[in-house]
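Participant: What follows is start-v8.txt, made up of compact mmCIF, C-alpha atoms and all ligand atoms:
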```
# COMPACT_ATOMS: atom_id res chain seq x y z
CA MET Q 1 -122.41 -18.59 198.24
CA GLN Q 2 -122.14 -20.40 201.60
CA ASP Q 3 -121.00 -18.34 204.66
CA ARG Q 4 -118.89 -21.22 205.96
CA PHE Q 5 -117.16 -23.69 203.68
CA LYS Q 6 -114.58 -26.48 203.79
CA GLY Q 7 -110.88 -25.83 203.31
CA ILE Q 8 -107.37 -26.83 204.28
CA LEU Q 9 -105.46 -24.39 206.47
CA LEU Q 10 -101.73 -24.56 207.20
CA THR Q 11 -100.78 -22.91 210.49
CA ARG Q 12 -97.50 -22.50 212.36
CA ASP Q 13 -96.97 -22.21 216.13
CA GLU Q 14 -94.45 -19.96 217.90
CA ASN Q 15 -91.75 -22.61 217.35
CA LYS Q 16 -92.54 -22.65 213.61
CA VAL Q 17 -94.01 -26.17 213.85
CA MET Q 18 -96.58 -26.55 211.09
CA SER Q 19 -100.07 -28.09 211.39
CA VAL Q 20 -102.31 -29.17 208.55
CA ASN Q 21 -105.98 -28.58 209.43
CA VAL Q 22 -109.03 -29.65 207.44
CA THR Q 23 -111.45 -27.04 208.70
CA GLU Q 24 -114.30 -24.61 208.05
CA LEU Q 25 -113.43 -21.22 206.61
CA GLY Q 26 -115.26 -17.99 205.85
CA LEU Q 27 -114.56 -15.34 203.24
CA ASP Q 28 -112.71 -13.31 205.90
CA ASP Q 29 -110.09 -16.07 206.11
CA LEU Q 30 -109.22 -15.49 202.45
CA MET Q 31 -106.90 -12.71 201.39
CA GLU Q 32 -108.05 -9.67 199.42
CA GLY Q 33 -108.95 -10.01 195.76
CA ASP Q 34 -111.45 -8.57 193.30
CA VAL Q 35 -112.91 -11.89 192.12
CA VAL Q 36 -114.42 -14.74 194.15
CA VAL Q 37 -114.28 -18.11 192.41
CA GLU Q 38 -116.12 -21.29 193.39
CA VAL Q 39 -113.39 -23.92 193.16
CA GLU Q 40 -114.79 -26.89 191.24
CA TRP Q 41 -111.57 -28.67 190.26
CA THR Q 42 -108.04 -28.52 191.59
CA THR Q 43 -105.01 -30.80 191.58
CA VAL Q 44 -101.97 -31.85 193.60
CA ASN Q 45 -98.66 -30.63 192.20
CA TYR Q 46 -95.19 -31.35 193.55
CA LYS Q 47 -95.15 -27.82 194.98
CA ASP Q 48 -98.42 -28.51 196.85
CA GLY Q 49 -96.71 -31.62 198.21
CA LEU Q 50 -93.78 -29.52 199.44
CA ALA Q 51 -96.22 -27.08 201.08
CA ILE Q 52 -98.41 -29.65 202.86
CA THR Q 53 -95.58 -31.93 204.01
CA GLY Q 54 -93.42 -28.94 204.96
CA LYS Q 55 -90.53 -30.54 202.99
CA GLY Q 56 -89.78 -27.27 201.18
CA PRO Q 57 -90.16 -23.59 202.18
CA VAL Q 58 -92.96 -22.97 199.68
CA VAL Q 59 -95.36 -21.21 202.07
CA ARG Q 60 -94.16 -17.69 202.81
CA ARG Q 61 -97.20 -16.26 204.64
CA TRP Q 62 -99.10 -17.82 207.58
CA PRO Q 63 -101.75 -19.06 208.03
CA MET Q 64 -102.12 -20.28 204.45
CA VAL Q 65 -104.74 -22.08 202.42
CA PRO Q 66 -102.50 -24.18 200.14
CA GLY Q 67 -103.24 -25.15 196.53
CA ILE Q 68 -101.48 -23.43 193.64
CA ASP Q 69 -104.10 -23.90 190.92
CA CYS Q 70 -107.80 -24.37 190.31
CA ALA Q 71 -110.60 -24.20 187.79
CA GLY Q 72 -114.05 -22.94 188.66
CA THR Q 73 -116.85 -20.46 188.21
CA VAL Q 74 -116.80 -16.76 189.09
CA VAL Q 75 -119.27 -16.07 191.92
CA SER Q 76 -118.73 -12.31 192.16
CA SER Q 77 -116.39 -9.88 190.46
CA GLU Q 78 -115.30 -6.27 190.76
CA ASN Q 79 -112.92 -6.80 187.85
CA GLU Q 80 -114.11 -5.63 184.46
CA ARG Q 81 -112.63 -8.69 182.69
CA PHE Q 82 -114.93 -11.12 184.57
CA LYS Q 83 -118.55 -11.49 185.61
CA ALA Q 84 -120.50 -14.03 187.69
CA GLY Q 85 -120.85 -17.32 185.83
CA ASP Q 86 -117.57 -17.09 183.88
CA LYS Q 87 -115.46 -20.25 183.82
CA VAL Q 88 -111.83 -19.55 184.69
CA ILE Q 89 -108.43 -21.11 185.35
CA LEU Q 90 -105.95 -19.92 187.96
CA ASN Q 91 -102.37 -21.04 188.31
CA GLY Q 92 -99.31 -19.48 189.91
CA PHE Q 93 -98.87 -15.83 190.95
CA GLY Q 94 -97.91 -17.01 194.44
CA VAL Q 95 -101.36 -18.47 195.15
CA GLY Q 96 -100.96 -21.19 197.80
CA GLU Q 97 -97.59 -19.62 198.71
CA VAL Q 98 -98.18 -15.96 199.68
CA HIS Q 99 -101.88 -15.62 198.73
CA THR Q 100 -104.59 -17.96 200.10
CA GLY Q 101 -105.11 -20.74 197.60
CA ALA Q 102 -107.17 -23.40 195.92
CA TYR Q 103 -107.84 -26.01 198.63
CA ALA Q 104 -111.12 -24.47 199.76
CA ALA Q 105 -114.59 -24.36 198.29
CA TYR Q 106 -114.01 -20.69 197.37
CA ALA Q 107 -110.92 -18.67 196.45
CA ARG Q 108 -110.64 -14.89 196.50
CA LEU Q 109 -108.22 -13.88 193.77
CA LYS Q 110 -107.00 -10.98 191.63
CA GLY Q 111 -108.84 -10.90 188.31
CA ASP Q 112 -105.54 -10.10 186.57
CA TRP Q 113 -104.33 -13.59 187.48
CA LEU Q 114 -107.26 -15.43 185.89
CA ILE Q 115 -107.45 -16.97 182.45
CA PRO Q 116 -110.85 -17.45 180.78
CA MET Q 117 -111.42 -21.16 180.21
CA PRO Q 118 -110.13 -21.80 176.67
CA GLU Q 119 -112.60 -23.00 174.02
CA GLY Q 120 -112.45 -26.80 173.91
CA MET Q 121 -111.40 -27.27 177.54
CA ASP Q 122 -113.37 -27.84 180.75
CA GLY Q 123 -112.47 -27.51 184.43
CA ARG Q 124 -111.65 -31.19 184.87
CA SER Q 125 -109.30 -31.39 181.92
CA ALA Q 126 -107.70 -28.04 182.86
CA MET Q 127 -106.83 -29.40 186.31
CA ALA Q 128 -105.85 -32.83 185.00
CA ILE Q 129 -103.26 -30.77 183.12
CA GLY Q 130 -102.71 -28.33 186.00
CA THR Q 131 -99.54 -26.38 186.69
CA ALA Q 132 -97.40 -29.44 185.93
CA GLY Q 133 -98.91 -29.99 182.48
CA TYR Q 134 -98.93 -26.30 181.63
CA THR Q 135 -95.23 -26.19 182.64
CA ALA Q 136 -94.58 -29.13 180.30
CA MET Q 137 -96.18 -27.07 177.51
CA LEU Q 138 -94.08 -24.01 178.42
CA SER Q 139 -91.02 -26.27 178.19
CA VAL Q 140 -91.95 -27.63 174.75
CA MET Q 141 -92.65 -24.07 173.51
CA ALA Q 142 -89.19 -22.99 174.77
CA LEU Q 143 -87.53 -25.84 172.83
CA GLU Q 144 -89.48 -24.86 169.72
CA ARG Q 145 -88.41 -21.21 170.07
CA HIS Q 146 -84.85 -22.49 170.20
CA GLY Q 147 -85.34 -24.34 166.89
CA ILE Q 148 -85.48 -27.87 168.31
CA THR Q 149 -87.70 -29.46 165.67
CA PRO Q 150 -88.44 -33.22 165.43
CA GLY Q 151 -85.85 -33.44 162.62
CA ARG Q 152 -83.04 -32.32 164.92
CA GLY Q 153 -83.00 -35.59 166.88
CA PRO Q 154 -84.50 -37.14 170.02
CA VAL Q 155 -85.71 -35.24 173.09
CA VAL Q 156 -85.17 -36.79 176.54
CA VAL Q 157 -87.76 -36.26 179.27
CA THR Q 158 -86.63 -36.81 182.88
CA GLY Q 159 -88.99 -37.54 185.77
CA ALA Q 160 -90.97 -39.24 183.01
CA ASN Q 161 -93.70 -40.83 185.16
CA GLY Q 162 -94.46 -37.55 186.94
CA GLY Q 163 -96.87 -34.76 186.07
CA VAL Q 164 -94.50 -32.64 183.97
CA GLY Q 165 -92.95 -35.75 182.41
CA THR Q 166 -96.12 -37.56 181.31
CA VAL Q 167 -97.68 -34.45 179.75
CA ALA Q 168 -94.38 -33.52 178.05
CA ILE Q 169 -94.15 -37.03 176.55
CA ALA Q 170 -97.75 -36.89 175.29
CA VAL Q 171 -97.30 -33.44 173.70
CA LEU Q 172 -93.87 -34.14 172.18
CA GLY Q 173 -95.11 -37.49 170.84
CA LYS Q 174 -98.11 -35.86 169.20
CA LEU Q 175 -95.86 -33.21 167.64
CA GLY Q 176 -93.75 -35.96 166.03
CA TYR Q 177 -90.65 -35.91 168.24
CA GLU Q 178 -88.71 -39.07 169.05
CA VAL Q 179 -89.01 -39.12 172.85
CA ILE Q 180 -86.65 -40.86 175.27
CA ALA Q 181 -88.25 -41.23 178.71
CA SER Q 182 -86.01 -41.43 181.79
CA THR Q 183 -87.64 -43.01 184.84
CA GLY Q 184 -86.93 -44.97 188.00
CA ARG Q 185 -90.10 -46.97 187.33
CA THR Q 186 -89.14 -48.93 184.20
CA GLU Q 187 -92.05 -51.31 184.95
CA GLU Q 188 -94.17 -48.43 183.55
CA ALA Q 189 -92.32 -48.59 180.19
CA GLU Q 190 -95.41 -49.73 178.25
CA PHE Q 191 -97.48 -46.91 179.79
CA LEU Q 192 -94.84 -44.34 178.81
CA LYS Q 193 -94.71 -45.79 175.28
CA SER Q 194 -98.50 -45.60 175.05
CA LEU Q 195 -98.20 -41.87 175.81
CA GLY Q 196 -95.64 -41.29 173.06
CA ALA Q 197 -92.17 -42.39 174.21
CA SER Q 198 -90.05 -44.35 171.71
CA GLU Q 199 -87.49 -45.50 174.25
CA VAL Q 200 -87.40 -45.80 178.04
CA ILE Q 201 -84.14 -45.57 179.99
CA HIS Q 202 -83.49 -46.07 183.71
CA ARG Q 203 -82.90 -42.86 185.66
CA ASP Q 204 -79.76 -44.42 187.22
CA GLU Q 205 -78.02 -43.77 183.86
CA LEU Q 206 -78.31 -40.04 184.65
CA SER Q 207 -78.31 -39.77 188.44
CA GLY Q 208 -74.60 -39.94 189.35
CA PRO Q 209 -71.91 -37.23 189.03
CA ALA Q 210 -71.63 -36.09 185.38
CA LYS Q 211 -68.55 -35.90 183.16
CA PRO Q 212 -68.07 -32.46 181.57
CA LEU Q 213 -68.96 -33.95 178.17
CA ASN Q 214 -70.31 -37.36 177.25
CA LYS Q 215 -71.48 -39.11 174.07
CA GLU Q 216 -74.15 -37.03 172.29
CA ARG Q 217 -77.54 -38.72 172.76
CA TRP Q 218 -80.27 -36.12 172.23
CA ALA Q 219 -80.92 -32.72 170.64
CA GLY Q 220 -83.23 -31.49 173.37
CA ALA Q 221 -84.45 -32.21 176.87
CA VAL Q 222 -87.31 -31.43 179.23
CA ASP Q 223 -85.82 -31.78 182.70
CA ALA Q 224 -87.96 -31.84 185.85
CA VAL Q 225 -85.28 -33.34 188.10
CA GLY Q 226 -82.30 -30.94 188.40
CA SER Q 227 -79.05 -31.83 190.21
CA HIS Q 228 -76.80 -34.58 188.72
CA THR Q 229 -79.57 -35.63 186.34
CA LEU Q 230 -79.65 -32.21 184.69
CA ALA Q 231 -75.83 -32.15 184.61
CA ASN Q 232 -75.77 -35.53 182.79
CA VAL Q 233 -78.51 -34.42 180.41
CA LEU Q 234 -76.48 -31.33 179.50
CA SER Q 235 -73.30 -33.39 178.97
CA MET Q 236 -75.14 -35.68 176.52
CA THR Q 237 -76.91 -32.97 174.50
CA SER Q 238 -75.75 -32.70 170.91
CA TYR Q 239 -74.16 -29.67 169.29
CA GLY Q 240 -76.46 -26.59 169.34
CA GLY Q 241 -79.13 -28.40 171.37
CA ALA Q 242 -81.28 -27.04 174.18
CA VAL Q 243 -82.39 -28.23 177.60
CA THR Q 244 -85.28 -26.83 179.64
CA ALA Q 245 -85.00 -26.81 183.44
CA CYS Q 246 -88.17 -26.55 185.52
CA GLY Q 247 -87.77 -28.89 188.47
CA LEU Q 248 -85.80 -30.10 191.44
CA ALA Q 249 -87.06 -33.64 192.17
CA GLN Q 250 -83.44 -34.81 192.67
CA GLY Q 251 -82.19 -31.49 194.08
CA MET Q 252 -81.87 -27.75 193.62
CA ASP Q 253 -78.13 -27.98 192.94
CA LEU Q 254 -76.61 -28.14 189.47
CA PRO Q 255 -73.17 -29.80 189.63
CA THR Q 256 -72.12 -29.18 186.02
CA SER Q 257 -69.29 -27.49 184.13
CA VAL Q 258 -69.29 -24.90 181.37
CA ALA Q 259 -68.19 -27.58 178.85
CA PRO Q 260 -71.62 -28.25 177.24
CA PHE Q 261 -72.19 -24.50 176.81
CA ILE Q 262 -68.78 -23.44 175.46
CA LEU Q 263 -67.78 -26.58 173.50
CA ARG Q 264 -71.16 -27.66 172.08
CA GLY Q 265 -73.16 -24.41 172.19
CA VAL Q 266 -75.83 -26.09 174.30
CA SER Q 267 -78.45 -23.74 175.80
CA LEU Q 268 -80.08 -24.12 179.20
CA LEU Q 269 -83.58 -22.62 179.16
CA GLY Q 270 -85.17 -21.75 182.51
CA ILE Q 271 -88.91 -22.36 182.86
CA ASP Q 272 -90.99 -20.52 185.44
CA SER Q 273 -94.72 -21.11 185.51
CA VAL Q 274 -95.55 -18.85 188.47
CA MET Q 275 -94.92 -15.37 187.09
CA ALA Q 276 -95.09 -16.22 183.36
CA PRO Q 277 -96.77 -13.31 181.54
CA LEU Q 278 -100.45 -13.60 180.63
CA ALA Q 279 -99.85 -13.80 176.87
CA LEU Q 280 -97.47 -16.76 177.28
CA ARG Q 281 -99.94 -18.49 179.62
CA GLN Q 282 -102.79 -18.05 177.17
CA GLU Q 283 -100.63 -19.39 174.35
CA ALA Q 284 -99.67 -22.43 176.47
CA TRP Q 285 -103.29 -23.23 177.42
CA SER Q 286 -104.42 -22.84 173.79
CA ARG Q 287 -101.59 -25.07 172.59
CA LEU Q 288 -102.64 -27.72 175.14
CA VAL Q 289 -106.14 -27.81 173.61
CA LYS Q 290 -104.54 -28.48 170.21
CA ASP Q 291 -101.41 -30.50 171.00
CA LEU Q 292 -102.42 -32.73 173.92
CA ASP Q 293 -104.49 -35.80 173.10
CA MET Q 294 -107.40 -35.79 175.59
CA GLY Q 295 -107.51 -39.62 175.60
CA LYS Q 296 -103.89 -39.65 176.75
CA LEU Q 297 -104.62 -36.99 179.37
CA GLU Q 298 -107.37 -39.23 180.76
CA ALA Q 299 -105.00 -42.23 180.75
CA LEU Q 300 -102.37 -40.37 182.78
CA SER Q 301 -104.84 -38.88 185.31
CA THR Q 302 -106.29 -40.23 188.57
CA GLU Q 303 -109.35 -38.55 190.12
CA ILE Q 304 -109.73 -38.03 193.89
CA GLY Q 305 -112.03 -36.00 196.16
CA PHE Q 306 -111.24 -33.18 198.62
CA ASN Q 307 -110.46 -35.62 201.49
CA GLY Q 308 -107.73 -37.28 199.40
CA ILE Q 309 -105.62 -34.13 198.97
CA VAL Q 310 -103.39 -34.48 202.05
CA ASP Q 311 -102.52 -38.14 201.33
CA ALA Q 312 -101.83 -37.31 197.68
CA ALA Q 313 -99.51 -34.48 198.79
CA HIS Q 314 -97.41 -37.00 200.77
CA SER Q 315 -97.49 -39.52 197.91
CA ILE Q 316 -96.22 -37.05 195.31
CA ILE Q 317 -93.19 -36.19 197.46
CA ASP Q 318 -92.54 -39.92 197.94
CA GLY Q 319 -92.51 -40.37 194.13
CA LYS Q 320 -95.58 -42.63 194.29
CA ILE Q 321 -97.93 -40.76 191.94
CA ARG Q 322 -98.07 -41.76 188.29
CA GLY Q 323 -98.95 -38.89 186.00
CA ARG Q 324 -101.46 -36.38 187.33
CA VAL Q 325 -103.98 -36.23 190.17
CA VAL Q 326 -107.18 -34.27 189.54
CA VAL Q 327 -109.36 -33.26 192.51
CA ASP Q 328 -113.16 -33.04 192.26
CA MET Q 329 -113.92 -30.47 194.99
CA LYS Q 330 -117.59 -31.50 195.08
CA LYS Q 331 -116.57 -35.02 196.11
CA SER Q 332 -115.43 -35.73 199.70
C1 LIG R 401 -94.73 -24.68 190.51
C2 LIG R 401 -93.45 -24.30 190.72
C3 LIG R 401 -92.52 -25.18 191.37
O1 LIG R 401 -92.84 -26.31 191.64
S1 LIG R 401 -90.93 -24.58 191.75
C4 LIG R 401 -90.29 -25.76 192.84
C5 LIG R 401 -90.80 -25.58 194.24
N1 LIG R 401 -90.20 -24.44 194.85
C6 LIG R 401 -89.27 -24.54 195.78
O2 LIG R 401 -88.89 -25.64 196.20
C7 LIG R 401 -88.70 -23.24 196.30
C8 LIG R 401 -88.63 -23.26 197.76
N2 LIG R 401 -87.85 -22.12 198.24
C9 LIG R 401 -86.57 -22.23 198.63
O3 LIG R 401 -85.98 -23.29 198.62
C10 LIG R 401 -85.94 -20.97 199.11
O4 LIG R 401 -86.94 -20.01 199.37
C11 LIG R 401 -84.91 -20.36 198.12
C12 LIG R 401 -83.70 -21.31 197.97
C13 LIG R 401 -85.51 -20.09 196.74
C14 LIG R 401 -84.40 -19.02 198.65
O5 LIG R 401 -84.14 -19.19 200.02
P1 LIG R 401 -83.02 -18.32 200.79
O6 LIG R 401 -83.19 -18.58 202.26
O7 LIG R 401 -81.69 -18.57 200.18
O8 LIG R 401 -83.35 -16.83 200.46
P2 LIG R 401 -84.54 -15.87 200.90
O9 LIG R 401 -85.71 -16.63 201.42
O10 LIG R 401 -83.93 -14.83 201.79
O11 LIG R 401 -84.93 -15.22 199.50
C15 LIG R 401 -83.98 -14.53 198.69
C16 LIG R 401 -84.74 -13.66 197.72
O12 LIG R 401 -85.52 -14.48 196.84
C17 LIG R 401 -86.91 -14.14 196.99
N3 LIG R 401 -87.70 -15.37 196.87
C18 LIG R 401 -87.82 -16.37 197.76
N4 LIG R 401 -88.63 -17.33 197.30
C19 LIG R 401 -89.04 -16.92 196.09
C20 LIG R 401 -89.90 -17.47 195.10
N5 LIG R 401 -90.54 -18.64 195.27
N6 LIG R 401 -90.09 -16.78 193.98
C21 LIG R 401 -89.50 -15.61 193.77
N7 LIG R 401 -88.65 -15.03 194.67
C22 LIG R 401 -88.45 -15.67 195.80
C23 LIG R 401 -87.04 -13.50 198.33
O13 LIG R 401 -88.17 -12.66 198.39
C24 LIG R 401 -85.71 -12.74 198.43
O14 LIG R 401 -85.77 -11.57 197.64
P3 LIG R 401 -85.92 -10.13 198.31
O15 LIG R 401 -85.82 -9.18 197.17
O16 LIG R 401 -84.80 -10.02 199.28
O17 LIG R 401 -87.26 -10.14 198.97
N1 LIG R 402 -90.59 -24.17 187.38
C1 LIG R 402 -91.89 -24.26 187.54
O1 LIG R 402 -92.64 -23.30 187.39
C2 LIG R 402 -92.47 -25.58 187.90
C3 LIG R 402 -91.68 -26.50 188.49
N2 LIG R 402 -92.14 -27.74 188.75
C4 LIG R 402 -91.19 -28.69 189.34
O2 LIG R 402 -90.99 -29.75 188.43
C5 LIG R 402 -90.71 -30.94 189.15
C6 LIG R 402 -91.63 -32.04 188.69
O3 LIG R 402 -92.98 -31.70 189.01
P1 LIG R 402 -94.11 -32.80 188.81
O4 LIG R 402 -93.88 -33.51 187.54
O5 LIG R 402 -95.41 -32.17 189.07
O6 LIG R 402 -93.74 -33.78 190.02
P2 LIG R 402 -93.95 -35.35 190.10
O7 LIG R 402 -93.65 -35.75 191.49
O8 LIG R 402 -95.23 -35.71 189.49
O9 LIG R 402 -92.78 -35.90 189.15
C7 LIG R 402 -91.45 -35.93 189.53
C8 LIG R 402 -90.84 -37.22 189.03
O10 LIG R 402 -89.45 -37.22 189.38
C9 LIG R 402 -89.14 -38.49 189.89
N3 LIG R 402 -88.02 -38.38 190.81
C10 LIG R 402 -88.06 -38.16 192.16
N4 LIG R 402 -86.81 -38.16 192.66
C11 LIG R 402 -85.99 -38.36 191.61
C12 LIG R 402 -84.57 -38.49 191.50
N5 LIG R 402 -83.77 -38.40 192.59
N6 LIG R 402 -84.04 -38.71 190.28
C13 LIG R 402 -84.84 -38.79 189.20
N7 LIG R 402 -86.17 -38.71 189.24
C14 LIG R 402 -86.74 -38.49 190.43
C15 LIG R 402 -90.39 -38.99 190.58
O11 LIG R 402 -90.41 -40.40 190.67
C16 LIG R 402 -91.47 -38.46 189.67
O12 LIG R 402 -91.81 -39.37 188.66
C17 LIG R 402 -90.86 -30.59 190.63
O13 LIG R 402 -89.59 -30.34 191.18
C18 LIG R 402 -91.69 -29.32 190.62
O14 LIG R 402 -91.42 -28.53 191.74
C19 LIG R 402 -93.41 -28.13 188.43
C20 LIG R 402 -94.27 -27.24 187.86
C21 LIG R 402 -93.89 -25.85 187.62
```
As structure tokens, what does this structure read like?
Facilitator:
Amino acid sequence: MQDRFKGILLTRDENKVMSVNVTELGLDDLMEGDVVVEVEWTTVNYKDGLAITGKGPVVRRWPMVPGIDCAGTVVSSENERFKAGDKVILNGFGVGEVHTGAYAAYARLKGDWLIPMPEGMDGRSAMAIGTAGYTAMLSVMALERHGITPGRGPVVVTGANGGVGTVAIAVLGKLGYEVIASTGRTEEAEFLKSLGASEVIHRDELSGPAKPLNKERWAGAVDAVGSHTLANVLSMTSYGGAVTACGLAQGMDLPTSVAPFILRGVSLLGIDSVMAPLALRQEAWSRLVKDLDMGKLEALSTEIGFNGIVDAAHSIIDGKIRGRVVVDMKKS
């Protein structure tokens, strides 16, 4: 292991003005943990974008190495579950928020947070999926638990060209659902159809203030957008349907009424990837091996090197990234 290694460090001055520094770090700059991992692959999620641009109060401890997820190899371990050489995945648990994170050549982490690399997956594909794709899987699993089968009717996916959206479309399509993709980038309709969407609608149909109830259009939804979009999705969900909420790309508010819940028995299912229990995580990663077509994952992914992370963080907040960004940490 190198004594000094590259990393990104977010610092704040006495006036709480943030700086983003590409710098050299040592192990002492990383917070305590019982496993040191060489970060081989990481990614840029919306939350990483919020952290690096400072657009959202994601970072809650300073200074911070951002980066909420990574895949790599264990370098040293005092945890009985892991030994040097093991391939692992890390996502969530406040890493990149309150615990120094993935945008460095090494990460010092708690072994209890790590998942052994599932059979059939490698570091690159794990991070092409990343937190966004794993959250898409958690969302699909929540719909399934609620009895939303392909026979119940279509499922709408909002934020369809984003990380959660593209992976959700690919998984739902493979599982046989009729998928309606909602996007502001309708010029990407053919791409979304190639992933598994049957129909593409413009996000403007869902982005204004919602009526309490509207014509029933879908049995289920994977929503990554929140705000008016989620309110409209709820108002158009058919009797007994279910909607998962994981994101806030339009806003953190939810200007809805109780009508969909009390008149149509619609359920709103909250999805949190960060503190999801280990068993649910392992199930989600195993399901991704089985239910996500790796050719489609490749089609929705763009690879960059370490030096591209900061630009990609700005681009994701500007809504300019299609699908997922995977970062090869060995590449500059
Ligand atoms: C991969 C996942 C995602 O992408 S999620 C989307 C990205 N996340 C965000 O945009 C969240 C950013 N955070 C915020 O906007 C705010 O922190 C807030 C609205 C969630 C809360 O802010 P507010 O100023 O209203 O309250 P406090 O900071 O005083 O916190 C209240 C209470 O909540 C605890 N808390 C704060 N952040 C989190 C979090 N991320 N996860 C879990 N809990 C959180 C905080 O510790 C306080 O609890 P207490 O018991 O008093 O300590
Ligand atoms: N709850 C959780 O644990 C998790 C939450 N998330 C959240 O899910 C959301 C999506 O994440 P990603 O797919 O990775 O982000 P992304 O940026 O890849 O995708 C978001 C999509 O929403 C679109 N969008 C932006 N503004 C919009 C608006 N006003 N109306 C409709 N669409 C809009 C963008 O064009 C983009 O296609 C984010 O808010 C993120 O924070 C992501 C992962 C885990």
Participant: For ligand LIG 402 (chain R), which of Q:Lys193, Q:His202, Q:Arg145, Q:Arg217 is the closest residue, counting only C-alpha atoms and all ligand atoms?
Facilitator: Q:His202
Participant: Determine, using all atoms listed in the file, which residues of chain Q have any atom at most 10 Å from an atom of ligand LIG 401 (chain R), and tabulate each with its shortest atom pair and distance in Å to one decimal place, rows ordered by chain and then rising number, as a Markdown table.
Facilitator:
```
| residue | atom | partner | partner_atom | distance |
| --- | --- | --- | --- | --- |
| Q:Asn45 | CA | R:LIG401 | O1 | 7.3 |
| Q:Tyr46 | CA | R:LIG401 | O1 | 5.9 |
| Q:Lys47 | CA | R:LIG401 | O1 | 4.3 |
| Q:Asp48 | CA | R:LIG401 | O1 | 7.9 |
| Q:Gly49 | CA | R:LIG401 | O1 | 9.3 |
| Q:Leu50 | CA | R:LIG401 | O2 | 7.0 |
| Q:Ala51 | CA | R:LIG401 | C5 | 8.9 |
| Q:Lys55 | CA | R:LIG401 | O2 | 8.5 |
| Q:Gly56 | CA | R:LIG401 | O2 | 5.3 |
| Q:Pro57 | CA | R:LIG401 | C8 | 4.7 |
| Q:Val58 | CA | R:LIG401 | C8 | 4.7 |
| Q:Val59 | CA | R:LIG401 | C8 | 8.3 |
| Q:Arg60 | CA | R:LIG401 | N4 | 7.8 |
| Q:Ile68 | CA | R:LIG401 | C1 | 7.5 |
| Q:Asp69 | CA | R:LIG401 | C1 | 9.4 |
| Q:Asn91 | CA | R:LIG401 | C1 | 8.7 |
| Q:Gly92 | CA | R:LIG401 | C1 | 7.0 |
| Q:Phe93 | CA | R:LIG401 | N6 | 9.3 |
| Q:Gly94 | CA | R:LIG401 | N5 | 7.6 |
| Q:Glu97 | CA | R:LIG401 | N5 | 7.9 |
| Q:Val98 | CA | R:LIG401 | N5 | 9.2 |
| Q:Gly130 | CA | R:LIG401 | C1 | 9.9 |
| Q:Thr131 | CA | R:LIG401 | C1 | 6.4 |
| Q:Ala132 | CA | R:LIG401 | C1 | 7.1 |
| Q:Tyr134 | CA | R:LIG401 | C1 | 10.0 |
| Q:Thr135 | CA | R:LIG401 | C1 | 8.0 |
| Q:Ala224 | CA | R:LIG401 | O1 | 9.4 |
| Q:Cys246 | CA | R:LIG401 | S1 | 7.1 |
| Q:Gly247 | CA | R:LIG401 | C4 | 5.9 |
| Q:Leu248 | CA | R:LIG401 | C4 | 6.4 |
| Q:Ala249 | CA | R:LIG401 | C4 | 8.5 |
| Q:Gly251 | CA | R:LIG401 | O2 | 9.1 |
| Q:Met252 | CA | R:LIG401 | O2 | 7.8 |
| Q:Ile271 | CA | R:LIG401 | C2 | 9.3 |
| Q:Asp272 | CA | R:LIG401 | C2 | 6.9 |
| Q:Ser273 | CA | R:LIG401 | C1 | 6.1 |
| Q:Val274 | CA | R:LIG401 | C1 | 6.2 |
| Q:Met275 | CA | R:LIG401 | N6 | 8.5 |
```
Participant: Quick one: everything within 6 Å of Gly72 in chain Q, counting all atoms listed in the file, minus sequence neighbours fewer than 4 positions away in the same chain. Send it as JSON, numbers by chain.
Facilitator: {"Q": [38, 39, 40, 87, 88]}
Participant: Can you tell me how far CA of Gly295 in chain Q sits from CA of Ile169 in chain Q, in Å to one decimal?
Facilitator: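 Atom-to-atom, CA of Gly295 in chain Q to CA of Ile169 in chain Q, that is 13.6 Å.
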Participant: Residues near Leu138 in chain Q, anyone? I mean within 10 Å using all atoms listed in the file, not counting same-chain ones fewer than 5 positions away, as number ranges by chain.
Facilitator: Q: 132-133, 143-144, 168, 244, 246, 271-273, 276, 280-281, 283-285, 287-288
Participant: Env of Arg203 in chain Q: 12 Å cut, atoms = only C-alpha atoms, seq-sep filter 4 positions within chain, self excluded. Answer as an MDAnalysis selection string.
Facilitator: chainID Q and resid 156:161 180:186 207:208 223 225 228:230 232:233 250
Participant: In Å to one decimal, how far is CA of Val164 in chain Q from CA of Glu303 in chain Q?
Facilitator: 17.1 Å
Participant: Which one is closest to ligand LIG 402 (chain R): Q:Ala219, Q:Arg264, Q:Ala136, Q:Val258? Count only C-alpha atoms and all ligand atoms.
Facilitator: Q:Ala136
Participant: Around (-116.0, -11.6, 190.3) in the file's own coordinates, what residues are found within 7 Å if you use all atoms listed in the file, given back as a compact mmCIF listing (two decimals) with C-alpha atoms, in the frame of the given file?
Facilitator:
```
# COMPACT_ATOMS: atom_id res chain seq x y z
CA ASP Q 34 -111.45 -8.57 193.30
CA VAL Q 35 -112.91 -11.89 192.12
CA VAL Q 36 -114.42 -14.74 194.15
CA VAL Q 74 -116.80 -16.76 189.09
CA VAL Q 75 -119.27 -16.07 191.92
CA SER Q 76 -118.73 -12.31 192.16
CA SER Q 77 -116.39 -9.88 190.46
CA GLU Q 78 -115.30 -6.27 190.76
CA ASN Q 79 -112.92 -6.80 187.85
CA PHE Q 82 -114.93 -11.12 184.57
CA LYS Q 83 -118.55 -11.49 185.61
CA ALA Q 84 -120.50 -14.03 187.69
```
